[in-house]
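J.: File start_29.cif below, mmCIF, C-alpha atoms:
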```cif
data_final
#
loop_
_atom_site.group_PDB
_atom_site.id
_atom_site.type_symbol
_atom_site.label_atom_id
_atom_site.label_comp_id
_atom_site.auth_asym_id
_atom_site.auth_seq_id
_atom_site.Cartn_x
_atom_site.Cartn_y
_atom_site.Cartn_z
ATOM 1 C CA MET A 1 149.103 128.370 188.561
ATOM 2 C CA SER A 2 151.616 126.571 186.407
ATOM 3 C CA THR A 3 153.769 129.658 185.871
ATOM 4 C CA GLN A 4 154.872 129.559 189.498
ATOM 5 C CA ASN A 5 156.884 126.423 188.893
ATOM 6 C CA GLN A 6 157.028 125.982 185.155
ATOM 7 C CA ASN A 7 157.445 128.501 182.431
ATOM 8 C CA GLN A 8 158.028 127.993 178.709
ATOM 9 C CA ASN A 9 159.247 131.550 178.236
ATOM 10 C CA GLY A 10 162.184 131.425 180.553
ATOM 11 C CA TYR A 11 163.254 133.578 183.450
ATOM 12 C CA MET A 12 164.961 136.885 183.863
ATOM 13 C CA LEU A 13 167.637 137.436 186.491
ATOM 14 C CA LEU A 14 167.928 141.067 187.564
ATOM 15 C CA PHE A 15 171.095 141.853 189.502
ATOM 16 C CA ARG A 16 170.386 144.445 192.168
ATOM 17 C CA GLY A 17 173.049 146.435 193.978
ATOM 18 C CA THR A 18 175.602 148.579 192.217
ATOM 19 C CA ASP A 19 177.625 149.566 195.277
ATOM 20 C CA LEU A 20 179.674 146.387 195.736
ATOM 21 C CA ARG A 21 182.853 147.861 194.350
ATOM 22 C CA LYS A 22 183.243 150.045 197.407
ATOM 23 C CA GLY A 23 185.771 148.559 199.767
ATOM 24 C CA LEU A 24 187.087 145.895 197.414
ATOM 25 C CA SER A 25 190.708 145.846 196.273
ATOM 26 C CA PRO A 26 191.380 145.863 192.521
ATOM 27 C CA GLU A 27 192.351 142.183 192.763
ATOM 28 C CA GLU A 28 189.126 141.213 194.540
ATOM 29 C CA LEU A 29 187.076 143.243 192.098
ATOM 30 C CA GLN A 30 188.868 141.684 189.140
ATOM 31 C CA LYS A 31 188.227 138.227 190.590
ATOM 32 C CA VAL A 32 184.481 138.875 190.991
ATOM 33 C CA THR A 33 184.295 140.161 187.410
ATOM 34 C CA ASP A 34 186.262 137.224 186.018
ATOM 35 C CA ASN A 35 184.103 134.740 187.934
ATOM 36 C CA TRP A 36 180.972 136.489 186.720
ATOM 37 C CA MET A 37 182.056 136.329 183.079
ATOM 38 C CA ALA A 38 183.107 132.683 183.407
ATOM 39 C CA TRP A 39 179.710 131.929 184.986
ATOM 40 C CA PHE A 40 177.846 133.581 182.097
ATOM 41 C CA LYS A 41 180.053 131.808 179.541
ATOM 42 C CA ARG A 42 179.349 128.425 181.142
ATOM 43 C CA LEU A 43 175.588 129.069 181.263
ATOM 44 C CA THR A 44 175.660 130.139 177.610
ATOM 45 C CA GLU A 45 177.585 127.005 176.601
ATOM 46 C CA GLU A 46 175.085 124.886 178.526
ATOM 47 C CA GLY A 47 172.286 126.600 176.615
ATOM 48 C CA LYS A 48 170.835 127.959 179.848
ATOM 49 C CA ALA A 49 171.584 131.637 179.272
ATOM 50 C CA VAL A 50 170.360 133.189 176.023
ATOM 51 C CA ALA A 51 171.153 136.842 176.672
ATOM 52 C CA GLY A 52 172.745 139.034 179.274
ATOM 53 C CA ASN A 53 174.183 142.497 179.624
ATOM 54 C CA PRO A 54 175.734 144.763 182.167
ATOM 55 C CA LEU A 55 174.168 148.231 182.317
ATOM 56 C CA GLU A 56 175.947 151.548 182.676
ATOM 57 C CA ARG A 57 175.396 153.101 186.075
ATOM 58 C CA GLU A 58 173.833 156.291 184.812
ATOM 59 C CA GLY A 59 170.471 156.563 183.142
ATOM 60 C CA LYS A 60 167.243 158.524 182.853
ATOM 61 C CA ILE A 61 163.711 158.149 184.120
ATOM 62 C CA VAL A 62 160.695 159.203 182.055
ATOM 63 C CA SER A 63 157.419 159.488 183.921
ATOM 64 C CA GLY A 64 153.915 160.856 183.995
ATOM 65 C CA LYS A 65 151.445 162.211 181.506
ATOM 66 C CA ASP A 66 153.766 165.170 180.997
ATOM 67 C CA ARG A 67 156.598 162.788 180.082
ATOM 68 C CA VAL A 68 159.054 164.417 182.450
ATOM 69 C CA VAL A 69 162.699 163.341 182.157
ATOM 70 C CA SER A 70 164.851 163.095 185.270
ATOM 71 C CA ASP A 71 168.237 161.626 186.123
ATOM 72 C CA GLY A 72 168.255 158.227 187.652
ATOM 73 C CA PRO A 73 168.639 155.722 189.057
ATOM 74 C CA PHE A 74 171.110 156.952 191.663
ATOM 75 C CA ALA A 75 174.588 155.930 190.641
ATOM 76 C CA GLU A 76 175.307 153.462 193.396
ATOM 77 C CA SER A 77 172.595 151.897 195.493
ATOM 78 C CA LYS A 78 171.428 148.609 196.909
ATOM 79 C CA GLU A 79 168.323 148.633 194.720
ATOM 80 C CA ALA A 80 169.688 149.796 191.393
ATOM 81 C CA ILE A 81 169.864 147.167 188.672
ATOM 82 C CA GLY A 82 173.399 146.570 187.431
ATOM 83 C CA GLY A 83 172.644 143.995 184.758
ATOM 84 C CA TYR A 84 170.497 141.069 183.716
ATOM 85 C CA PHE A 85 170.534 137.534 182.317
ATOM 86 C CA LEU A 86 167.775 135.915 180.308
ATOM 87 C CA LEU A 87 167.585 132.199 181.141
ATOM 88 C CA ASP A 88 166.136 129.445 178.994
ATOM 89 C CA VAL A 89 165.240 127.055 181.795
ATOM 90 C CA ALA A 90 161.830 125.510 182.402
ATOM 91 C CA THR A 91 161.292 125.847 186.137
ATOM 92 C CA MET A 92 161.543 128.440 188.876
ATOM 93 C CA ASP A 93 163.599 125.969 190.916
ATOM 94 C CA GLU A 94 166.202 125.752 188.179
ATOM 95 C CA ALA A 95 166.306 129.545 187.781
ATOM 96 C CA VAL A 96 166.748 130.015 191.545
ATOM 97 C CA ALA A 97 169.495 127.362 191.605
ATOM 98 C CA ILE A 98 171.371 129.342 188.934
ATOM 99 C CA ALA A 99 170.767 132.635 190.780
ATOM 100 C CA ARG A 100 172.365 131.089 193.865
ATOM 101 C CA GLU A 101 175.623 130.666 191.913
ATOM 102 C CA CYS A 102 175.969 134.409 191.321
ATOM 103 C CA PRO A 103 179.539 135.493 192.219
ATOM 104 C CA GLY A 104 178.231 138.853 193.492
ATOM 105 C CA LEU A 105 176.135 137.352 196.313
ATOM 106 C CA PRO A 106 178.923 137.428 198.945
ATOM 107 C CA TYR A 107 179.319 141.166 198.237
ATOM 108 C CA GLY A 108 175.709 142.167 198.804
ATOM 109 C CA ILE A 109 174.286 141.700 195.314
ATOM 110 C CA ARG A 110 170.702 140.438 195.328
ATOM 111 C CA VAL A 111 169.299 138.500 192.386
ATOM 112 C CA GLU A 112 165.660 138.986 191.477
ATOM 113 C CA VAL A 113 164.258 135.977 189.585
ATOM 114 C CA ARG A 114 161.226 136.746 187.396
ATOM 115 C CA PRO A 115 159.229 134.489 185.073
ATOM 116 C CA VAL A 116 159.030 135.999 181.583
ATOM 117 C CA ALA A 117 155.408 136.312 180.468
ATOM 118 C CA GLY A 118 154.348 134.605 177.234
ATOM 119 C CA GLU A 119 151.806 137.280 176.619
ATOM 120 C CA CYS A 120 151.367 140.512 178.453
ATOM 121 C CA PRO A 121 149.972 139.576 181.912
ATOM 122 C CA ILE A 122 147.553 142.489 181.586
ATOM 123 C CA ALA A 123 146.100 140.988 178.406
ATOM 124 C CA ALA A 124 145.840 137.614 180.137
ATOM 125 C CA ASP A 125 144.024 139.224 183.102
ATOM 126 C CA LEU A 126 141.653 140.896 180.698
ATOM 127 C CA ARG A 127 140.834 137.562 179.061
ATOM 128 C CA ASP A 128 140.087 136.064 182.473
ATOM 129 C CA VAL A 129 137.832 138.989 183.350
ATOM 130 C CA ARG A 130 135.992 138.604 180.038
ATOM 131 C CA ALA A 131 135.583 134.863 180.558
ATOM 132 C CA ASP A 132 134.154 135.520 184.025
ATOM 133 C CA ALA A 133 131.758 138.101 182.592
ATOM 134 C CA GLN A 134 130.598 135.636 179.936
ATOM 135 C CA LEU A 135 129.970 133.008 182.586
ATOM 136 C CA ALA A 136 128.016 135.519 184.642
ATOM 137 C CA ASN A 137 125.889 136.415 181.618
ATOM 138 C CA ALA A 138 125.352 132.823 180.517
ATOM 139 C CA MET B 139 182.133 160.196 178.976
ATOM 140 C CA SER B 140 180.943 159.137 175.562
ATOM 141 C CA THR B 141 178.507 156.582 176.976
ATOM 142 C CA GLN B 142 176.384 159.377 178.363
ATOM 143 C CA ASP B 143 175.373 160.509 174.928
ATOM 144 C CA GLN B 144 176.278 157.752 172.527
ATOM 145 C CA ASN B 145 176.149 154.023 172.879
ATOM 146 C CA GLN B 146 176.697 151.288 170.297
ATOM 147 C CA ASN B 147 175.031 148.684 172.481
ATOM 148 C CA GLY B 148 171.624 150.244 172.717
ATOM 149 C CA TYR B 149 169.443 151.131 175.650
ATOM 150 C CA LEU B 150 167.312 149.041 177.952
ATOM 151 C CA LEU B 151 163.894 150.381 178.901
ATOM 152 C CA LEU B 152 162.641 149.053 182.237
ATOM 153 C CA TYR B 153 158.965 149.596 182.980
ATOM 154 C CA ARG B 154 158.200 150.244 186.629
ATOM 155 C CA SER B 155 154.675 150.464 187.938
ATOM 156 C CA ASP B 156 152.049 149.376 190.423
ATOM 157 C CA GLU B 157 149.006 147.349 189.330
ATOM 158 C CA TRP B 158 147.323 150.395 187.762
ATOM 159 C CA TYR B 159 145.476 148.210 185.263
ATOM 160 C CA ASN B 160 143.215 146.821 187.967
ATOM 161 C CA THR B 161 141.313 150.119 188.051
ATOM 162 C CA LEU B 162 140.444 150.204 184.319
ATOM 163 C CA SER B 163 137.351 148.854 182.570
ATOM 164 C CA HIS B 164 137.630 146.095 179.941
ATOM 165 C CA GLU B 165 137.327 148.602 177.145
ATOM 166 C CA GLN B 166 139.895 151.016 178.551
ATOM 167 C CA LEU B 167 142.277 148.164 179.204
ATOM 168 C CA GLN B 168 141.861 146.711 175.735
ATOM 169 C CA GLU B 169 142.581 150.122 174.278
ATOM 170 C CA VAL B 170 145.824 150.485 176.272
ATOM 171 C CA ILE B 171 146.903 146.984 175.261
ATOM 172 C CA ASN B 172 146.213 147.685 171.585
ATOM 173 C CA GLN B 173 147.990 151.046 171.714
ATOM 174 C CA ASN B 174 151.036 149.566 173.362
ATOM 175 C CA LYS B 175 151.171 146.621 170.983
ATOM 176 C CA ALA B 176 150.971 148.945 167.983
ATOM 177 C CA TRP B 177 153.666 151.171 169.511
ATOM 178 C CA VAL B 178 156.096 148.278 170.015
ATOM 179 C CA GLU B 179 155.355 146.824 166.558
ATOM 180 C CA ARG B 180 156.034 150.187 164.948
ATOM 181 C CA LEU B 181 159.388 150.508 166.760
ATOM 182 C CA ILE B 182 160.370 146.982 165.711
ATOM 183 C CA ALA B 183 159.383 147.704 162.092
ATOM 184 C CA GLN B 184 161.528 150.867 162.225
ATOM 185 C CA GLY B 185 164.454 148.828 163.511
ATOM 186 C CA LYS B 186 164.504 150.829 166.750
ATOM 187 C CA ALA B 187 163.527 148.030 169.134
ATOM 188 C CA LYS B 188 163.949 144.313 169.591
ATOM 189 C CA PRO B 189 160.973 142.320 170.851
ATOM 190 C CA GLY B 190 160.608 142.901 174.591
ATOM 191 C CA HIS B 191 158.757 140.959 177.212
ATOM 192 C CA ALA B 192 156.450 141.502 180.093
ATOM 193 C CA LEU B 193 157.438 139.858 183.363
ATOM 194 C CA GLU B 194 155.032 138.015 185.623
ATOM 195 C CA ARG B 195 154.325 140.002 188.770
ATOM 196 C CA LYS B 196 155.870 137.405 191.014
ATOM 197 C CA GLY B 197 159.206 135.780 191.493
ATOM 198 C CA ALA B 198 161.936 135.273 194.045
ATOM 199 C CA THR B 199 164.880 137.219 195.378
ATOM 200 C CA VAL B 200 168.124 135.414 196.152
ATOM 201 C CA SER B 201 170.678 137.018 198.474
ATOM 202 C CA GLY B 202 173.484 136.309 200.907
ATOM 203 C CA LYS B 203 176.640 134.263 200.661
ATOM 204 C CA ASN B 204 176.048 131.190 198.440
ATOM 205 C CA GLY B 205 172.496 132.410 197.941
ATOM 206 C CA ARG B 206 171.332 131.098 201.294
ATOM 207 C CA PHE B 207 168.373 133.488 201.489
ATOM 208 C CA VAL B 208 165.541 132.945 199.025
ATOM 209 C CA SER B 209 162.497 135.128 199.563
ATOM 210 C CA ASP B 210 159.290 135.738 197.653
ATOM 211 C CA GLY B 211 159.252 138.907 195.748
ATOM 212 C CA PRO B 212 159.048 141.393 194.319
ATOM 213 C CA PHE B 213 155.881 142.441 196.070
ATOM 214 C CA ALA B 214 153.031 142.798 193.625
ATOM 215 C CA GLU B 215 151.656 146.018 195.102
ATOM 216 C CA SER B 216 154.919 147.973 194.981
ATOM 217 C CA LYS B 217 155.078 151.017 192.708
ATOM 218 C CA GLU B 218 158.612 150.149 191.679
ATOM 219 C CA VAL B 219 158.115 146.599 190.446
ATOM 220 C CA ILE B 220 159.606 146.027 187.018
ATOM 221 C CA GLY B 221 156.760 144.889 184.801
ATOM 222 C CA GLY B 222 158.637 144.457 181.563
ATOM 223 C CA TYR B 223 161.488 145.555 179.363
ATOM 224 C CA LEU B 224 162.306 146.597 175.833
ATOM 225 C CA LEU B 225 165.745 146.785 174.232
ATOM 226 C CA LEU B 226 166.160 149.838 172.007
ATOM 227 C CA ASP B 227 168.589 149.774 169.119
ATOM 228 C CA VAL B 228 169.212 153.514 168.950
ATOM 229 C CA ALA B 229 172.548 155.298 169.146
ATOM 230 C CA THR B 230 171.996 158.117 171.629
ATOM 231 C CA ILE B 231 170.361 158.647 174.996
ATOM 232 C CA GLN B 232 168.412 161.568 173.502
ATOM 233 C CA GLU B 233 166.876 159.232 170.944
ATOM 234 C CA ALA B 234 166.107 156.654 173.628
ATOM 235 C CA ILE B 235 164.399 159.343 175.729
ATOM 236 C CA ALA B 236 162.410 160.530 172.709
ATOM 237 C CA VAL B 237 161.187 156.969 172.068
ATOM 238 C CA ALA B 238 160.335 156.398 175.747
ATOM 239 C CA GLN B 239 158.364 159.638 175.821
ATOM 240 C CA THR B 240 155.983 158.282 173.185
ATOM 241 C CA SER B 241 155.086 155.210 175.271
ATOM 242 C CA PRO B 242 151.335 154.859 175.851
ATOM 243 C CA ALA B 243 152.078 153.372 179.299
ATOM 244 C CA LEU B 244 153.210 156.751 180.688
ATOM 245 C CA ALA B 245 149.601 157.878 180.958
ATOM 246 C CA TYR B 246 149.056 155.107 183.518
ATOM 247 C CA ASN B 247 151.477 155.683 186.382
ATOM 248 C CA THR B 248 154.312 153.845 184.747
ATOM 249 C CA LEU B 249 157.907 155.039 185.080
ATOM 250 C CA ILE B 250 160.308 154.124 182.337
ATOM 251 C CA GLU B 251 163.925 153.719 183.370
ATOM 252 C CA ILE B 252 166.381 154.119 180.498
ATOM 253 C CA ARG B 253 169.778 152.475 180.890
ATOM 254 C CA PRO B 254 172.667 152.360 178.428
ATOM 255 C CA VAL B 255 173.734 148.770 177.845
ATOM 256 C CA ALA B 256 177.402 148.497 178.807
ATOM 257 C CA ASN B 257 180.016 147.283 176.377
ATOM 258 C CA GLU B 258 182.000 145.810 179.208
ATOM 259 C CA CYS B 259 181.121 145.346 182.830
ATOM 260 C CA PRO B 260 181.536 148.590 184.835
ATOM 261 C CA LEU B 261 183.188 146.492 187.577
ATOM 262 C CA ASP B 262 185.903 145.512 185.132
ATOM 263 C CA VAL B 263 186.470 149.117 184.157
ATOM 264 C CA ARG B 264 186.688 150.122 187.824
ATOM 265 C CA ALA B 265 189.136 147.299 188.622
ATOM 266 C CA ARG B 266 191.436 148.565 185.870
ATOM 267 C CA GLU B 267 191.152 152.156 187.115
ATOM 268 C CA LEU B 268 192.070 151.084 190.638
ATOM 269 C CA ALA B 269 195.010 149.047 189.372
ATOM 270 C CA ARG B 270 196.282 152.077 187.429
ATOM 271 C CA GLU B 271 195.917 154.338 190.475
ATOM 272 C CA GLU B 272 197.943 151.889 192.541
ATOM 273 C CA GLU B 273 200.636 151.785 189.889
ATOM 274 C CA LEU B 274 200.861 155.578 189.900
ATOM 275 C CA VAL B 275 201.115 155.677 193.698
ATOM 276 C CA ASN B 276 203.831 153.022 193.658
ATOM 277 C CA ALA B 277 205.739 154.607 190.774
#
```
Could the structure of this file be written out as structure tokens, please?
T.:
Amino acid sequence: MSTQNQNQNGYMLLFRGTDLRKGLSPEELQKVTDNWMAWFKRLTEEGKAVAGNPLEREGKIVSGKDRVVSDGPFAESKEAIGGYFLLDVATMDEAVAIARECPGLPYGIRVEVRPVAGECPIAADLRDVRADAQLANA
Amino acid sequence: MSTQDQNQNGYLLLYRSDEWYNTLSHEQLQEVINQNKAWVERLIAQGKAKPGHALERKGATVSGKNGRFVSDGPFAESKEVIGGYLLLDVATIQEAIAVAQTSPALAYNTLIEIRPVANECPLDVRARELAREEELVNA
């Protein structure tokens, strides 16, 4: 499938791990932050990043038919998402190459690289299923 | 902290789910898609949301110094995979929760994570706090 390597809609980088600040000195922490901001600024100037935001550590989770609200995600964890970038690049390879420049990587941050869907993938699946059904009935 | 209740920068909704849609019929699925589309369009028309996107259920994870590890992922079958996002332009977490609670996706095993968008990076804030603490200790 073409979306594995090429994607017109860009890619999202999700930064996972919100516990890196433990054990770093203020100077180290400041350096990581400065590098991160300089990295985003450069990508924006190059037209490769179109949006990006850090997220506050706290949040809420809504779930289930009863629409229950709970606290979450846990304040500091390896899995929690600390922020995201939206990249306007055409290939997975290019998105991964940018992810590999992330200044948080040496401190345990993991970067999830996800192709943005042009239309909802569920709607696309449904179209495929319908097309198959039409073929079967033809 | 003011950010717990009020936030000028809006709130990010992250949709987390398994592949629940594989168990629905065409008609059921089409109904969910239509409901969700109408829901998002209404929020955009009300000025409460910016257009969001679904994410393909595949990708890569980069980790380690200089990004030396690149693995496939996230795994499609996981319950926690982020399937899409929506940026809400509302001023309080209560309002963001109220909007999330009306999502048609909740009926289908989807969790919605609500996160305040930060004005400045929390790492930056923490670095300043630490610097201040050190100053106090040294004073």
J.: Selected by the PyMOL selection byres ((chain B) within 6 of (chain A)) in the shown coordinates: which residues, as a PyMOL selection string?
T.: chain B and resi 192-194+197-205+239+244-245+249-256+259+265+268-269
J.: Could you give me, as number ranges by chain, the residues within 9 Å of Ala51 of chain A, counting only C-alpha atoms and dropping anything in the same chain fewer than 4 positions from it?
T.: A: 44, 84-87
J.: Can I get the selected residues back with C-alpha atoms, as a short mmCIF file (atom, residue, chain, number, x, y, z; two decimals), keeping the file's coordinate frame?
T.:
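File produced: selection_33.cif:
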```cif
data_model
loop_
_atom_site.label_atom_id
_atom_site.label_comp_id
_atom_site.auth_asym_id
_atom_site.auth_seq_id
_atom_site.Cartn_x
_atom_site.Cartn_y
_atom_site.Cartn_z
CA THR A 44 175.66 130.14 177.61
CA TYR A 84 170.50 141.07 183.72
CA PHE A 85 170.53 137.53 182.32
CA LEU A 86 167.78 135.92 180.31
CA LEU A 87 167.58 132.20 181.14
#
```
J.: Report, in Å with one decimal, the straight-line distance from atom CA of Gln144 of chain B to atom CA of Ile182 of chain B.
T.: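 Computing it gives 20.4 Å between the two atoms.
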J.: Measuring between only C-alpha atoms, which one of B:Asp156, B:Glu273, B:Glu179, B:Glu165 shows the shortest distance to Val219 of chain B?
T.: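 Using only C-alpha atoms, Val219 of chain B sits closest to B:Asp156.
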J.: Please write as a list of chain:residue names the list of polymer residues whose atoms come within 9 Å of (171.3, 151.3, 170.3), counting all atoms listed in the file and keeping to the coordinates of the file.
T.: B:Gln144, B:Asn145, B:Gln146, B:Asn147, B:Gly148, B:Tyr149, B:Leu150, B:Lys186, B:Ala187, B:Leu225, B:Leu226, B:Asp227, B:Val228, B:Ala229, B:Thr230, B:Ile231, B:Ala234, B:Pro254, B:Val255
